[in-house]
Every structure is written in C-alpha cells, then in structure tokens.
Amino acid sequence: MSAIEAKSIEFPPQPAYDAGTLALKGARVTLRRPVMTDAHDVFAGMNDFDVVKNLSRAPWPYTLHDAVSWLDGVENGGGPRMAYPFAIVTGGRLIGTVGISNHGDAIELGYWIARDSWGRGYATEAARLAVGFAFTHLQLKELEAGHFVDNAASGRVLTKLGFAYTHTVARFSKARDCDVDCRMMILPHARFAAGQNDSEGGTDHGG
Ligand SMILES: CC(C)(COP(=O)(O)OP(=O)(O)OC[C@H]1O[C@@H](n2cnc3c(N)ncnc32)[C@H](O)[C@@H]1OP(=O)(O)O)[C@@H](O)C(=O)NCCC(=O)NCCS
C-alpha cells in the first residue's frame with residue numbers, strides 16, 4: 001500500500017527550500033543548501049573513485065567542472081532528480097552531500113562523505129537529518145534507498161536509520177560504466193519515527 005502511495009506523491013514546490021534559510025542542525029553536522037562556493041570541496045571529495053564508484057549517476061573521472069555544473073543545477077532549481085540536495089557541513093567545510101531525489105518512480109535518499117571524514121558517524125547523522133526533513137517537511141510516507149552490493153558501509157548506514165531490504169536490481173553505475181547489483185531498501189515514516197523514540201535518540205532534527 002505505502003509503496004503505491006509514495007509513487008503518487010509529488011514534491012511540494014521548492015520556494016521554502018530555495019529561500020536558502022533552511023539549515024538542519026545535528027549534533028556535529030549541519031545540512032544547508034549547496035552553493036557555488038562549495039565547488040572546490042565538492043571536487044575534493046568526489047575526485048576519489050572509491051566515492052564515485054558507489055554513486056549511480058556521477059561521472060569518472062570527476063572534474064572541477066562537474067562540481068560546478070552540479071552546483072549550477074542546484075542554484076537553478078536542482079532538476080527533477082535531485083530535488084532537495086544538501087551540503088553536509090562541519091567545521092565550516094563541506095564534507096559531503098545528501099539529498100532526496102526522484103529516481104524513476106521512487107523517491108530516494110542518497111549521500112556521500114569525503115574519504116578523510118569516513119568512520120566518524122557523519123553519514124549516519126546527515127542521513128538522519130535528511131530523512132527527518134523528508135518525513136516532516138515533504139510529508140513523505142516512505143523513502144527508498146539503494147546501495148551497490150559491494151558497498152556494505154552504506155548498507156550499515158541505512159540499516160542504522162531503520163531501512164529494511166526489499167529486493168535487488170541491476171542499476172547502471174556511470175563511473176564503473178556497467179550495471180551493478182543494487183540492494184534496495186525502504187523506510188516507512190512510522191518505523192523511522194519509532195526508531196527516533198528509541199534509545200539511539202539525541203540528534204537534533206532541526207528544521
Ligand atoms: C558509505 C559512506 C557514506 C559512509 O560514511 P561514514 O560517514 O563513514 O558512515 P558512518 O560513520 O556514519 O557509518 C558507517 C558504518 O558502516 C560501517 N562500516 C564501514 N565500513 C564497513 C564495511 N566495509 N563493511 C561493513 N560495515 C562497514 C561502520 O563501522 C559504521 O557502522 P557502525 O556505526 O555500526 O560502526 C562513505 O563511506 C561514502 O561516502 N562512501 C562513498 C559514497 C557512497 O557509498 N555513498 C552511498 C551510496 S548508496
């Protein structure tokens with residue numbers, strides 16, 4: 001039932017987000033709208049095959065021009081497939097991005113963290129903030145996500161948020177230039193809300 005409902009949900013209009021005032025504050029990271037001055041940080045993080053190979057749509061090699069093009073798209077509305085992109089910021093620096101986007105019929109969560117910031121819980125905290133935004137501000141009933149079969153770390157991030165595996169699809173990886181098995185997961189709003197009330201808690205959902 002809920003999967004069908006999610007497919008019929010349209011994103012609300014973007015002005016509330018485009019106002020540029022929205023900041024989702026966690027204990028250690030803040031999510032805000034990406035801006036062109038983030039280009040060098042985006043490039044620095046994405047100029048790493050071990051990051052880009054785990055994303056479906058990013059090109060490899062990844063150039064500064066790719067970062068500028070992506071940010072230009074964000075500043076001009078983001079396009080239909082990355083409707084709500086956020087910079088993940090800590091210590092005044094962009095260390096990654098997270099976003100809620102249309103992917104085919106589904107609305108999906110996606111993210112990356114620069115290698116020098118891996119293993120500190122930043123992806124989990126940032127994704128939790130973005131998921132809270134999706135359920136609270138966009139009023140989605142459920143959210144999907146998928147990770148390539150060889151990306152267990154992302155599976156762990158999603159599992160910690162309450163996502164559960166549903167099925168596996170072959171998804172094209174632009175960087176690898178081939179289809180890769182992608183393990184799809186789903187998170188109903190109710191399960192996320194229940195998880196937030198559990199002992200894990202502690203994150204300021206902001207926004
Ligand atoms: C996946 C990624 C986002 C994780 O970022 P991060 O900030 O290091 O993630 P966190 O620290 O919040 O959590 C990582 C979890 O994965 C676990 N982990 C790390 N490497 C792992 C591995 N090889 N196998 C299983 N679990 C692993 C960590 O132990 C941690 O779990 P824990 O908190 O239970 O100990 C980051 O590695 C990345 O950007 N990778 C490239 C892009 C990408 O994969 N994006 C997601 C596409 S679906």
# chains A, B, ... in the order shown; residues from 1 in each chain; ligands from 1
>>> residues_near_ligand(ligand="ligand 1", cutoff="8 Å", atoms="only C-alpha atoms and all ligand atoms", output="PyMOL selection string")
chain A and resi 50-55+96+110-115+117-125+145-148+151-157+160
>>> residues_around(residues="Thr37 of chain A", least_positions_apart="5", cutoff="12 Å", atoms="only C-alpha atoms", output="PyMOL selection string")
chain A and resi 42-43+64+67-68+71-72+75+87+93-94
>>> closest_residue(among="A:Leu140, A:Val29, A:Asn197, A:Ala164", to="Thr90 of chain A", atoms="only C-alpha atoms")
A:Val29
>>> atom_distance(atom1="atom CA of Tyr84 of chain A", atom2="atom CA of Trp70 of chain A")
12.8 Å
>>> select_by_dssp(residues="segment 4-132 of chain A", states="strand (DSSP E or B)", output="count of residues only")
32
>>> residues_around(residues="Ile186 of chain A", least_positions_apart="4", cutoff="6 Å", atoms="only C-alpha atoms", output="VMD selection string")
chain A and resid 143 to 144 163 to 164
>>> closest_residue(among="A:Leu187, A:Ala194, A:Ala58, A:Leu31", to="Gly99 of chain A", atoms="only C-alpha atoms")
A:Leu31
